[in-house]
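Printed here is protein-v2.cif (mmCIF, C-alpha atoms):
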data_query
#
loop_
_atom_site.label_atom_id
_atom_site.label_comp_id
_atom_site.auth_asym_id
_atom_site.auth_seq_id
_atom_site.Cartn_x
_atom_site.Cartn_y
_atom_site.Cartn_z
CA MET A 1 3.29 -86.13 232.28
CA ILE A 2 4.94 -84.90 235.46
CA GLU A 3 5.75 -87.57 238.01
CA SER A 4 7.69 -87.70 241.27
CA SER A 5 11.02 -89.43 240.82
CA SER A 6 14.66 -88.59 240.14
CA LYS A 7 15.55 -84.93 239.68
CA GLU A 8 17.01 -83.69 236.39
CA ASN A 9 18.93 -80.49 235.72
CA ASP A 10 16.55 -78.14 233.95
CA HIS A 11 18.76 -77.31 230.98
CA ARG A 12 17.57 -75.41 227.93
CA PRO A 13 16.09 -77.90 225.40
CA VAL A 14 18.65 -78.87 222.78
CA THR A 15 17.97 -77.23 219.41
CA PRO A 16 17.24 -79.82 216.69
CA SER A 17 19.49 -79.85 213.64
CA GLU A 18 18.17 -79.34 210.11
CA GLU A 19 18.64 -83.08 209.55
CA ASP A 20 16.20 -83.84 212.38
CA CYS A 21 13.33 -82.50 210.25
CA CYS A 22 12.06 -85.13 207.80
CA GLY A 23 10.48 -82.54 205.49
CA ASN A 24 7.09 -84.30 205.45
CA SER A 25 5.12 -81.46 207.08
CA CYS A 26 4.62 -83.39 210.33
CA ASN A 27 2.09 -81.99 212.77
CA PRO A 28 3.65 -81.12 215.10
CA CYS A 29 6.97 -80.40 213.38
CA ILE A 30 10.00 -81.09 215.54
CA PHE A 31 10.92 -77.38 215.37
CA ASP A 32 7.43 -76.37 216.57
CA VAL A 33 7.84 -78.77 219.49
CA HIS A 34 11.26 -77.32 220.30
CA LYS A 35 9.89 -73.77 220.26
CA LYS A 36 7.15 -74.74 222.70
CA LEU A 37 9.61 -76.53 224.98
CA VAL A 38 11.90 -73.48 225.03
CA GLU A 39 8.96 -71.24 225.93
CA GLU A 40 8.01 -73.58 228.78
CA TRP A 41 11.65 -73.77 229.92
CA GLU A 42 11.93 -69.97 229.97
CA LYS A 43 8.77 -69.71 232.06
CA ARG A 44 10.06 -72.30 234.52
CA LYS A 45 13.36 -70.46 234.76
CA LEU A 46 11.60 -67.14 235.35
CA ASP A 47 9.37 -68.59 238.04
CA LYS A 48 12.29 -70.58 239.49
CA ILE A 49 10.23 -73.76 239.22
CA LYS A 50 12.06 -77.02 239.69
CA ARG A 51 10.49 -79.94 237.88
CA VAL A 52 10.87 -83.58 238.79
CA TYR A 53 10.42 -86.33 236.20
CA ASN A 54 10.37 -90.05 235.91
CA GLU A 55 12.49 -91.16 233.00
CA ASN A 56 10.14 -91.57 230.06
CA CYS A 57 10.50 -94.11 227.26
CA LEU A 58 9.10 -91.37 225.05
CA SER A 59 10.76 -88.10 224.07
CA LEU A 60 9.22 -85.02 222.49
CA LEU A 61 12.32 -84.27 220.43
CA GLN A 62 14.02 -87.60 219.79
CA TYR A 63 12.72 -90.76 218.17
CA LYS A 64 12.94 -93.64 220.64
CA ARG A 65 13.26 -97.30 219.68
CA PHE A 66 10.33 -99.65 220.29
CA ILE A 67 10.04 -103.31 219.29
CA VAL A 68 7.03 -104.96 217.62
CA ARG A 69 5.81 -107.75 219.88
CA ALA A 70 2.37 -108.49 218.39
CA ILE A 71 0.29 -107.69 215.29
CA LYS A 72 -3.36 -108.63 215.04
CA ARG A 73 -6.36 -107.83 212.86
CA SER A 74 -8.97 -105.56 214.48
CA SER A 75 -11.30 -105.06 211.51
CA GLU A 76 -11.35 -105.45 207.74
CA ASP A 77 -9.07 -102.44 207.27
CA CYS A 78 -7.43 -101.92 210.68
CA ILE A 79 -4.75 -103.71 212.67
CA ILE A 80 -3.47 -103.38 216.22
CA ILE A 81 0.29 -103.25 216.71
CA ASP A 82 1.66 -103.89 220.20
CA ILE A 83 5.11 -102.35 220.70
CA GLU A 84 7.42 -102.40 223.72
CA CYS A 85 10.09 -99.97 224.86
CA GLY A 86 13.46 -100.93 223.39
CA SER A 87 15.55 -99.24 226.05
CA GLU A 88 17.78 -101.41 228.24
CA ASN A 89 17.12 -98.98 231.10
CA LYS A 90 14.22 -100.59 232.95
CA ASN A 91 13.67 -97.36 234.87
CA GLU A 92 12.35 -95.79 231.68
CA LEU A 93 8.56 -96.00 231.64
CA VAL A 94 5.80 -94.90 229.27
CA PHE A 95 3.90 -91.81 230.40
CA MET A 96 1.06 -90.25 228.42
CA SER A 97 -2.53 -89.06 228.84
CA PRO A 98 -5.71 -90.30 227.11
CA GLY A 99 -6.19 -88.53 223.79
CA GLN A 100 -2.51 -87.81 223.17
CA HIS A 101 -0.77 -89.05 220.02
CA ILE A 102 2.72 -90.05 218.93
CA MET A 103 4.69 -89.62 215.70
CA MET A 104 5.98 -92.80 214.03
CA ARG A 105 9.00 -92.61 211.74
CA LEU A 106 8.71 -94.90 208.74
CA THR A 107 11.05 -95.60 205.81
CA SER A 108 10.02 -92.66 203.67
CA THR A 109 7.60 -90.70 205.81
CA SER A 110 6.33 -90.10 209.34
CA LYS A 111 2.75 -90.18 210.58
CA PRO A 112 0.77 -89.52 213.77
CA TYR A 113 -1.09 -92.30 215.57
CA THR A 114 -3.12 -92.25 218.77
CA PRO A 115 -2.38 -95.12 221.18
CA ILE A 116 -5.48 -96.99 222.29
CA SER A 117 -3.77 -98.29 225.44
CA TRP A 118 -0.41 -98.48 227.18
CA ASN A 119 1.30 -99.70 230.30
CA LYS A 120 4.71 -99.09 231.86
CA GLN A 121 6.68 -100.66 229.01
CA SER A 122 4.40 -101.01 225.98
CA ILE A 123 1.94 -99.23 223.70
CA LYS A 124 -0.90 -100.50 221.51
CA LEU A 125 -1.65 -98.65 218.28
CA LEU A 126 -4.77 -98.98 216.11
CA ILE A 127 -3.68 -98.40 212.52
CA LYS A 128 -5.90 -98.16 209.45
CA LEU A 129 -4.34 -99.66 206.33
CA TYR A 130 -4.95 -98.00 202.98
CA GLU A 131 -4.51 -99.91 199.73
CA ASN A 132 -1.87 -97.60 198.26
CA GLY A 133 -0.90 -95.48 201.27
CA VAL A 134 2.81 -94.72 201.70
CA ALA A 135 2.68 -95.28 205.46
CA SER A 136 0.41 -98.31 205.06
CA ASN A 137 2.81 -99.98 202.67
CA CYS A 138 5.61 -99.57 205.22
CA ILE A 139 3.48 -100.92 208.07
CA LYS A 140 2.30 -103.92 206.05
CA GLN A 141 5.93 -105.06 205.89
CA LEU A 142 6.44 -105.04 209.67
CA LYS A 143 7.24 -108.33 211.37
CA LEU A 144 7.54 -109.43 214.98
CA ARG A 145 10.70 -108.11 216.67
CA ASP A 146 11.12 -105.35 214.06
CA ASP A 147 12.14 -101.92 215.34
CA ILE A 148 9.77 -98.95 215.29
CA PHE A 149 10.86 -95.41 216.14
CA ILE A 150 8.42 -92.98 217.74
CA ARG A 151 8.46 -89.63 219.51
CA GLY A 152 5.90 -87.84 221.64
CA PRO A 153 3.44 -87.73 223.27
CA TYR A 154 1.67 -84.68 221.84
CA GLY A 155 -1.76 -83.16 222.34
CA ASP A 156 -3.25 -80.63 224.73
CA PHE A 157 -6.56 -82.33 225.56
CA LYS A 158 -7.21 -82.49 229.29
CA TYR A 159 -10.17 -84.09 231.03
CA THR A 160 -11.05 -83.48 234.67
CA ARG A 161 -13.08 -86.06 236.59
CA ASN A 162 -16.81 -85.26 236.85
CA SER A 163 -16.40 -81.91 235.09
CA TYR A 164 -19.46 -82.73 232.94
CA LYS A 165 -22.63 -84.74 233.48
CA ASN A 166 -22.32 -86.25 230.03
CA VAL A 167 -19.73 -86.78 227.33
CA VAL A 168 -20.93 -87.26 223.75
CA MET A 169 -18.37 -88.84 221.44
CA LEU A 170 -18.72 -88.53 217.65
CA SER A 171 -16.38 -90.46 215.36
CA ILE A 172 -16.06 -92.21 212.04
CA GLY A 173 -13.64 -94.94 210.99
CA SER A 174 -10.27 -95.03 212.70
CA GLY A 175 -11.18 -91.84 214.60
CA ILE A 176 -12.29 -94.33 217.24
CA ALA A 177 -8.62 -94.59 218.34
CA ALA A 178 -8.44 -91.12 219.90
CA LEU A 179 -11.71 -91.45 221.83
CA TYR A 180 -11.40 -95.01 223.08
CA PRO A 181 -8.76 -94.42 225.83
CA ILE A 182 -10.75 -91.42 227.07
CA ALA A 183 -13.88 -93.57 227.35
CA VAL A 184 -11.92 -96.27 229.19
CA SER A 185 -10.46 -93.76 231.65
CA ILE A 186 -13.97 -92.51 232.50
CA VAL A 187 -15.92 -95.77 232.80
CA LYS A 188 -13.20 -97.54 234.79
CA ASP A 189 -12.93 -94.69 237.31
CA ASP A 190 -15.04 -95.67 240.33
CA LEU A 191 -15.32 -92.01 241.31
CA GLU A 192 -16.82 -90.93 237.97
CA ASP A 193 -20.49 -90.00 237.68
CA THR A 194 -20.17 -88.91 234.05
CA LYS A 195 -22.15 -90.78 231.40
CA ILE A 196 -20.83 -91.43 227.89
CA LYS A 197 -22.89 -91.59 224.69
CA TRP A 198 -20.75 -92.68 221.73
CA ILE A 199 -22.03 -92.46 218.15
CA SER A 200 -19.68 -93.85 215.52
CA GLY A 201 -19.99 -94.39 211.77
CA PHE A 202 -18.61 -97.27 209.68
CA ARG A 203 -19.37 -98.93 206.36
CA SER A 204 -20.25 -102.31 207.87
CA LEU A 205 -19.79 -104.39 211.00
CA SER A 206 -16.65 -105.96 209.53
CA HIS A 207 -15.13 -102.46 209.34
CA VAL A 208 -15.77 -101.68 213.01
CA ALA A 209 -12.43 -101.58 214.79
CA LEU A 210 -12.30 -102.50 218.50
CA LYS A 211 -15.65 -104.36 218.40
CA ASP A 212 -14.78 -106.53 221.40
CA GLU A 213 -13.42 -103.56 223.31
CA LEU A 214 -16.56 -101.49 222.68
CA ARG A 215 -18.79 -104.36 223.71
CA ALA A 216 -16.84 -104.72 226.95
CA LEU A 217 -17.41 -101.03 227.74
CA THR A 218 -21.19 -101.58 227.56
CA ASP A 219 -20.90 -103.68 230.72
CA TYR A 220 -20.44 -100.39 232.59
CA TRP A 221 -23.49 -98.48 233.74
CA ASN A 222 -22.34 -95.17 232.28
CA PHE A 223 -21.50 -96.21 228.70
CA GLU A 224 -23.83 -96.35 225.70
CA CYS A 225 -22.89 -96.85 222.06
CA LEU A 226 -24.65 -96.42 218.72
CA LEU A 227 -23.03 -97.69 215.50
CA CYS A 228 -24.20 -96.22 212.21
CA LEU A 229 -23.48 -98.75 209.43
CA SER A 230 -23.98 -97.25 205.98
CA GLN A 231 -23.77 -100.49 203.99
CA GLU A 232 -25.20 -103.17 206.26
CA LYS A 233 -28.67 -104.03 207.54
CA ASP A 234 -29.65 -106.16 210.53
CA ALA A 235 -26.17 -106.12 212.09
CA ASN A 236 -26.07 -107.43 215.64
CA ILE A 237 -23.51 -106.90 218.38
CA THR A 238 -24.33 -107.58 222.02
CA GLY A 239 -24.96 -104.46 224.09
CA ILE A 240 -24.57 -102.02 221.19
CA GLN A 241 -27.34 -100.43 219.13
CA THR A 242 -26.81 -100.53 215.35
CA ILE A 243 -28.70 -98.79 212.56
CA ASN A 244 -28.39 -98.95 208.78
CA SER A 245 -27.52 -95.34 208.01
CA ARG A 246 -24.67 -92.96 207.46
CA LEU A 247 -23.78 -90.88 210.51
CA ASN A 248 -25.62 -87.73 209.46
CA ASP A 249 -26.76 -84.42 210.91
CA LYS A 250 -30.28 -85.70 211.62
CA ILE A 251 -28.95 -88.47 213.88
CA ILE A 252 -26.62 -86.08 215.69
CA ASN A 253 -29.36 -83.48 216.12
CA ASN A 254 -31.70 -86.06 217.67
CA VAL A 255 -29.00 -87.08 220.13
CA LEU A 256 -27.97 -83.55 221.08
CA ASP A 257 -31.57 -82.44 221.60
CA SER A 258 -31.69 -84.61 224.72
CA TYR A 259 -28.82 -82.76 226.42
CA ASP A 260 -28.37 -79.48 228.22
CA SER A 261 -25.66 -77.64 226.31
CA GLU A 262 -23.90 -76.49 229.49
CA SER A 263 -23.56 -79.92 231.07
CA VAL A 264 -22.14 -81.91 228.15
CA LEU A 265 -18.72 -82.19 226.56
CA ILE A 266 -18.65 -83.17 222.88
CA LEU A 267 -15.56 -84.95 221.54
CA ILE A 268 -15.09 -85.32 217.78
CA CYS A 269 -12.67 -87.40 215.74
CA GLY A 270 -12.70 -88.34 212.07
CA THR A 271 -11.61 -86.94 208.74
CA PRO A 272 -10.99 -83.17 208.47
CA GLU A 273 -14.30 -82.88 206.58
CA PHE A 274 -16.18 -84.81 209.27
CA ASN A 275 -14.64 -82.75 212.06
CA ALA A 276 -15.50 -79.47 210.35
CA SER A 277 -19.08 -80.60 209.71
CA MET A 278 -19.60 -81.73 213.32
CA GLU A 279 -18.04 -78.56 214.74
CA LYS A 280 -20.35 -76.44 212.61
CA LEU A 281 -23.36 -78.44 213.80
CA VAL A 282 -22.59 -78.30 217.53
CA VAL A 283 -21.79 -74.58 217.39
CA LYS A 284 -25.07 -73.94 215.59
CA LYS A 285 -26.87 -75.73 218.42
CA ASN A 286 -25.01 -73.60 221.01
CA PHE A 287 -22.87 -76.37 222.48
CA SER A 288 -19.79 -74.46 223.61
CA ASN A 289 -17.91 -77.35 225.22
CA HIS A 290 -16.42 -79.33 222.35
CA TYR A 291 -13.01 -80.58 221.23
CA SER A 292 -11.86 -82.04 217.92
CA PHE A 293 -8.92 -84.42 217.57
CA ARG A 294 -7.01 -83.73 214.34
#
Before we go any further, please render this structure as structure tokens.
Amino acid sequence: MIESSSKENDHRPVTPSEEDCCGNSCNPCIFDVHKKLVEEWEKRKLDKIKRVYNENCLSLLQYKRFIVRAIKRSSEDCIIIDIECGSENKNELVFMSPGQHIMMRLTSTSKPYTPISWNKQSIKLLIKLYENGVASNCIKQLKLRDDIFIRGPYGDFKYTRNSYKNVVMLSIGSGIAALYPIAVSIVKDDLEDTKIKWISGFRSLSHVALKDELRALTDYWNFECLLCLSQEKDANITGIQTINSRLNDKIINNVLDSYDSESVLILICGTPEFNASMEKLVVKKNFSNHYSFR
């Protein structure tokens, strides 16, 4: 994110060494990021554009140290980890946009996570824990004051205020993490007239991450949420509609039929199979404005 602050010399981005690549097929790979940065740098140089930055706690090319300051349970299979910038330079601040993600370096692997919130010095991450996952096993061992190393932020999603009458959000499981900060940025903007309809699928109410946060969003006039719970009947959560069903094409079709395809933005986040299925459905119904978070 570009901010007005101290001026930096616009040097060519430093080329990563072979050792900087962990070999785990990260997306994005550090070499892909470097290539993009060089292309942007060459364009700036050609156009003689001078860029001004605030110092960012985050870096696209280097892992930066953060410190675990809180760990709490969000659902049966998800936790929230609150991390703070480990730099001694208090002028370094966290800058990112809703929908962007970071890469976390773990003992034997690295993995992308989408922050659900952040402020000048800290970031909150919603993380799903798998029983035998390599990354999950590393995260389960984290303790307060442990170091975590992350780089980023990445992601090209951009949202412009009041660019659509409605935003429909479709997610399953921990896909809620990518959409939540976007929803917050819309409903808490006093100048927004956009309405949000969020449909999300989970196994049961105990598996719903960010329950309290979702309920709080329903206090806003322009937010509505439907939870599809495949393995639970008669679930109740104040302000949120729940049904005992998998999130299927019939439910999505009924929702989309109430919208004009030109005035709605559809945001999708879940497993690769879920994303592909939803993309196929919205394209079939001629909704051209859609974006999937991978």
Next on the checklist: For this structure, which residues satisfy the selection - the PyMOL selection byres ((chain A and resi 97) around 12) - when it is evaluated on the file as given? I want them as an MDAnalysis selection string.
Outcome noted: chainID A and resid 1:2 94:96 98:102 114:119 152:160 178:179 181:182 184:185
Item to check | Ground truth for the PyMOL selection byres ((chain A and resi 198-204) around 10), written as a PyMOL selection string | outcome: chain A and resi 76+167-176+179-180+183+195-197+205-209+214+223-233+235+241-248+251-252+255+266-270
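Minimum atom-to-atom distance to Arg69 (chain A), evaluated using all atoms listed in the file, belongs to A:Arg145 out of A:Lys35, A:His290, A:Arg145, A:Arg161.
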Please put the answer as lines of an AutoDock Vina configuration file: centre and edge lengths, in Å with one decimal, of a box along x, y and z that encloses all listed atoms of region 156-166 of chain A plus 8 Å on each side.
center_x = -12.9
center_y = -83.4
center_z = 230.8
size_x = 35.4
size_y = 21.6
size_z = 28.1
Item to check | Length of the CA of Glu92 (chain A) to CA of Ala70 (chain A) vector [Å] | outcome: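 It comes out at 20.9 Å.
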Item to check | Nearest candidate to Leu61 (chain A) (options A:Val14, A:Val282, A:Cys85, A:Ile237; using all atoms listed in the file) | outcome: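 Once distances to Leu61 (chain A) are computed over all atoms listed in the file, the minimum belongs to A:Val14.
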